[in-house]
Amino acid sequence: MSTAPPDIETLKARMRAAWSAGDFGVIAQQIRQDEEELIDRLQITPGLKVLDVACGTGNTAIPAARRGADVIGVDIAPNLLEQARERARAEDLGARFQEGDAEELAFPDGSFDLVISVFGAMFAPRPERVAAELTRVCRSGGRIVMANWTPESFAGQTFRLTSKYVPPPPGVPPPVWWGDETKVRERLRDGIAKIETHRRIARFRLPFGVSEVVDYYRRYMGPTIRTFEALDAAGQEAYRKEYEALWAANNEATDGTIDVPTEFLEIIATRA
């Protein structure tokens with residue numbers, strides 16, 4: 001039985017509902033290549049025990065399994081896990097997926113050679129617990145790898161805009177602090193031998209223009225759906241205009257499509 005305070009349980013229920021709304025699998029396709037490139041850089045070998053935390057629809061778990069790793073993915077959203085399972089079945093991969101919380105991982109100490117979370121565990125409300133759990137389940141000499149949007153990135157700008165209209169709960173730090181190197185080194189300190197970080201760029205590419213992009217996110221992106229639902233008509237219209245303007249200001253395409261770069265911090269920590 002959980003001992004977490006009721007406010008945390010309520011918050012997590014809301015998070016689960018938000019990420020279960022819409023169809024994040026559609027959105028996740030935009031960064032699938034970036035995540036596969038990250039897996040390439042990790043040089044995963046057959047038999048490596050890998051835990052993918054907040055795995056979503058399997059964008060990192062699936063390519064890790066293709067390389068022969070023994071992969072388990074955990075996430076709070078059942079519908080995303082089912083999409084991940086379907087992808088694994090389609091490729092006849094042995095990756096397993098189960099419900100799980102980044103703040104309370106249901107695995108013994110030192111169970112994995114590689115613990116990874118790409119644009120996932122950064123959204124958990126208590127980062128100190130996330131850091132402790134990622135470290136706990138990683139074996140000595142193993143790696144903890146994260147990819148997190150930076151505060152300055154397009155994603156970071158989006159979070160700030162959303163917070164302007166729907167303020168986050170008091171005491172919950174911004175997810176993009178996981179993309180700040182100083183914060184990361186503060187959080188991943190105990191039990192860590194060394195940390196290396198790299199700033200990289202992912203790109204959101206869509207085959208239509210700025211006038212359609214907000215409707216697209218409103219249809220498929222759970223947190224965006226929930227943001228609109230929380231606003232009255234005037235608030236929705238104001239949010240829409242600012243969100244469109246943000247896409248327009250960051251769009252590098254000149255052919256009527258979307259090509260928006262967004263920076264993330266790649267973190268590779270070695271377990272002591």
# chains A, B, ... in the order shown; residues from 1 in each chain; ligands from 1
$ select_by_dssp --residues "stretch 49-234 of chain A" --states "strand (DSSP E or B)" --output "ChimeraX atom specification"
/A:49-53,70-75,96-99,101,104,112-118,138-149,192-206,221
$ residues_around --residues "A:Ala147" --least-positions-apart "4" --cutoff "10 Å" --atoms "only C-alpha atoms" --output "number ranges by chain"
A: 35, 38, 116-122, 178-179, 197-200, 263-268
$ write_last_selection --atoms "C-alpha atoms" --output "PDB file, in the first residue's frame"
ATOM      1  CA  GLU A  35      15.862   8.418 -30.029  1.00  0.00           C
ATOM      2  CA  LEU A  38      20.771   8.032 -29.101  1.00  0.00           C
ATOM      3  CA  ILE A 116      17.534   4.926 -19.550  1.00  0.00           C
ATOM      4  CA  SER A 117      14.831   7.585 -19.673  1.00  0.00           C
ATOM      5  CA  VAL A 118      14.317   9.740 -22.744  1.00  0.00           C
ATOM      6  CA  PHE A 119      11.924  12.692 -22.382  1.00  0.00           C
ATOM      7  CA  GLY A 120      10.103  10.660 -19.747  1.00  0.00           C
ATOM      8  CA  ALA A 121      11.148  10.598 -16.084  1.00  0.00           C
ATOM      9  CA  MET A 122      11.793  14.339 -16.320  1.00  0.00           C
ATOM     10  CA  TRP A 178      16.342  18.073 -15.754  1.00  0.00           C
ATOM     11  CA  GLY A 179      17.854  19.737 -18.835  1.00  0.00           C
ATOM     12  CA  THR A 197      26.653  15.642 -20.742  1.00  0.00           C
ATOM     13  CA  HIS A 198      26.109  16.686 -24.337  1.00  0.00           C
ATOM     14  CA  ARG A 199      23.748  19.267 -25.783  1.00  0.00           C
ATOM     15  CA  ARG A 200      21.983  17.911 -28.853  1.00  0.00           C
ATOM     16  CA  GLU A 263      17.590  21.288 -27.744  1.00  0.00           C
ATOM     17  CA  PHE A 264      17.987  18.500 -25.241  1.00  0.00           C
ATOM     18  CA  LEU A 265      20.639  17.521 -22.727  1.00  0.00           C
ATOM     19  CA  GLU A 266      22.008  14.012 -23.083  1.00  0.00           C
ATOM     20  CA  ILE A 267      23.259  12.686 -19.735  1.00  0.00           C
ATOM     21  CA  ILE A 268      25.444   9.626 -19.239  1.00  0.00           C
TER      22      ILE A 268
END
$ residues_around --residues "A:Gly171" --least-positions-apart "3" --cutoff "10 Å" --atoms "only C-alpha atoms" --output "PDB file with C-alpha atoms, in the first residue's frame"
ATOM      1  CA  PRO A 125       6.931  15.484  -9.785  1.00  0.00           C
ATOM      2  CA  ARG A 126       9.681  14.541  -7.286  1.00  0.00           C
ATOM      3  CA  PRO A 168       1.687  23.754 -12.115  1.00  0.00           C
ATOM      4  CA  PRO A 174       9.704  22.538 -13.845  1.00  0.00           C
TER       5      PRO A 174
END
$ closest_residue --among "A:Thr60, A:Asn148, A:Ser111, A:Thr257" --to "A:Val210" --atoms "only C-alpha atoms"
A:Thr257
$ residues_around --residues "A:Asp40" --least-positions-apart "3" --cutoff "12 Å" --atoms "only C-alpha atoms" --output "compact mmCIF listing (two decimals) with C-alpha atoms, in the first residue's frame"
# COMPACT_ATOMS: atom_id res chain seq x y z
CA GLN A 33 14.81 8.95 -35.30
CA ASP A 34 16.45 11.12 -32.64
CA GLU A 35 15.86 8.42 -30.03
CA GLU A 36 17.20 5.67 -32.28
CA GLU A 37 20.35 7.75 -32.86
CA GLN A 43 26.67 0.88 -28.37
CA ILE A 44 24.31 -1.59 -26.75
CA THR A 45 25.48 -5.22 -26.87
CA THR A 60 14.10 3.68 -27.11
CA PRO A 63 15.77 -0.22 -30.89
CA ALA A 64 17.60 -1.45 -27.77
CA ALA A 65 15.80 -4.80 -28.10
CA ARG A 66 16.73 -4.97 -31.79
CA ARG A 67 20.36 -4.99 -30.69
$ closest_atom_pairs --of "stretch 146-249 of chain A" --to "stretch 12-28 of chain A" --cutoff "7 Å" --atoms "only C-alpha atoms" --output "JSON lines"
{"residue": "A:Arg219", "atom": "CA", "partner": "A:Gly22", "partner_atom": "CA", "distance": 6.1}
{"residue": "A:Tyr220", "atom": "CA", "partner": "A:Gly22", "partner_atom": "CA", "distance": 4.3}
{"residue": "A:Met221", "atom": "CA", "partner": "A:Phe24", "partner_atom": "CA", "distance": 5.5}
{"residue": "A:Gly222", "atom": "CA", "partner": "A:Ala21", "partner_atom": "CA", "distance": 4.4}
{"residue": "A:Pro223", "atom": "CA", "partner": "A:Ala18", "partner_atom": "CA", "distance": 5.1}
{"residue": "A:Arg226", "atom": "CA", "partner": "A:Ala18", "partner_atom": "CA", "distance": 6.2}
$ residues_around --residues "stretch 101-108 of chain A" --least-positions-apart "6" --cutoff "7 Å" --atoms "only C-alpha atoms" --output "VMD selection string"
chain A and resid 53 to 54 75 to 76 121 124 129 to 130 133 137
$ residues_around --residues "A:Leu80" --least-positions-apart "4" --cutoff "7 Å" --atoms "only C-alpha atoms" --output "list in words"
Gly56, Thr57 and Ala84 of chain A
$ atom_distance --atom1 "atom CA of A:Pro127" --atom2 "atom CA of A:Thr182"
13.8 Å
$ select_by_dssp --residues "stretch 61-108 of chain A" --states "helix (DSSP H, G or I)" --output "list in words"
Ala61, Ile62, Pro63, Ala64, Ala65, Arg66, Pro78, Asn79, Leu80, Leu81, Glu82, Gln83, Ala84, Arg85, Glu86, Arg87, Ala88, Arg89 and Ala90 of chain A
$ closest_residue --among "A:Glu82, A:Asp190, A:Glu9, A:Glu128" --to "A:Ala269" --atoms "only C-alpha atoms"
A:Asp190
$ atom_distance --atom1 "atom CA of A:Gln30" --atom2 "atom CA of A:Tyr239"
22.8 Å
$ atom_distance --atom1 "atom CA of A:Pro173" --atom2 "atom CA of A:Leu231"
22.2 Å
$ closest_residue --among "A:Ala155, A:Ile192, A:Cys138, A:Ala77" --to "A:Gly100" --atoms "only C-alpha atoms"
A:Ala77
$ residues_around --residues "A:Ile258" --least-positions-apart "5" --cutoff "10 Å" --atoms "only C-alpha atoms" --output "PDB file with C-alpha atoms, in the first residue's frame"
ATOM      1  CA  ARG A 203      13.700  18.352 -34.761  1.00  0.00           C
ATOM      2  CA  PHE A 204       9.921  18.463 -34.882  1.00  0.00           C
ATOM      3  CA  ARG A 205       8.989  18.013 -38.545  1.00  0.00           C
ATOM      4  CA  LEU A 206       5.383  18.052 -39.700  1.00  0.00           C
ATOM      5  CA  PRO A 207       3.952  18.110 -43.237  1.00  0.00           C
ATOM      6  CA  PHE A 208       1.730  21.142 -42.683  1.00  0.00           C
ATOM      7  CA  GLY A 209       2.006  24.724 -41.511  1.00  0.00           C
ATOM      8  CA  VAL A 210       1.676  26.717 -38.316  1.00  0.00           C
ATOM      9  CA  GLU A 212      -2.664  23.505 -38.376  1.00  0.00           C
ATOM     10  CA  VAL A 213      -0.075  22.535 -35.789  1.00  0.00           C
ATOM     11  CA  TRP A 247       5.737  27.607 -33.452  1.00  0.00           C
ATOM     12  CA  ALA A 248       6.024  30.363 -36.066  1.00  0.00           C
ATOM     13  CA  ASN A 250      10.908  28.793 -34.089  1.00  0.00           C
ATOM     14  CA  ASN A 251      10.007  27.315 -37.475  1.00  0.00           C
ATOM     15  CA  GLU A 252      12.953  27.033 -39.881  1.00  0.00           C
ATOM     16  CA  ALA A 253      10.973  25.615 -42.813  1.00  0.00           C
TER      17      ALA A 253
END
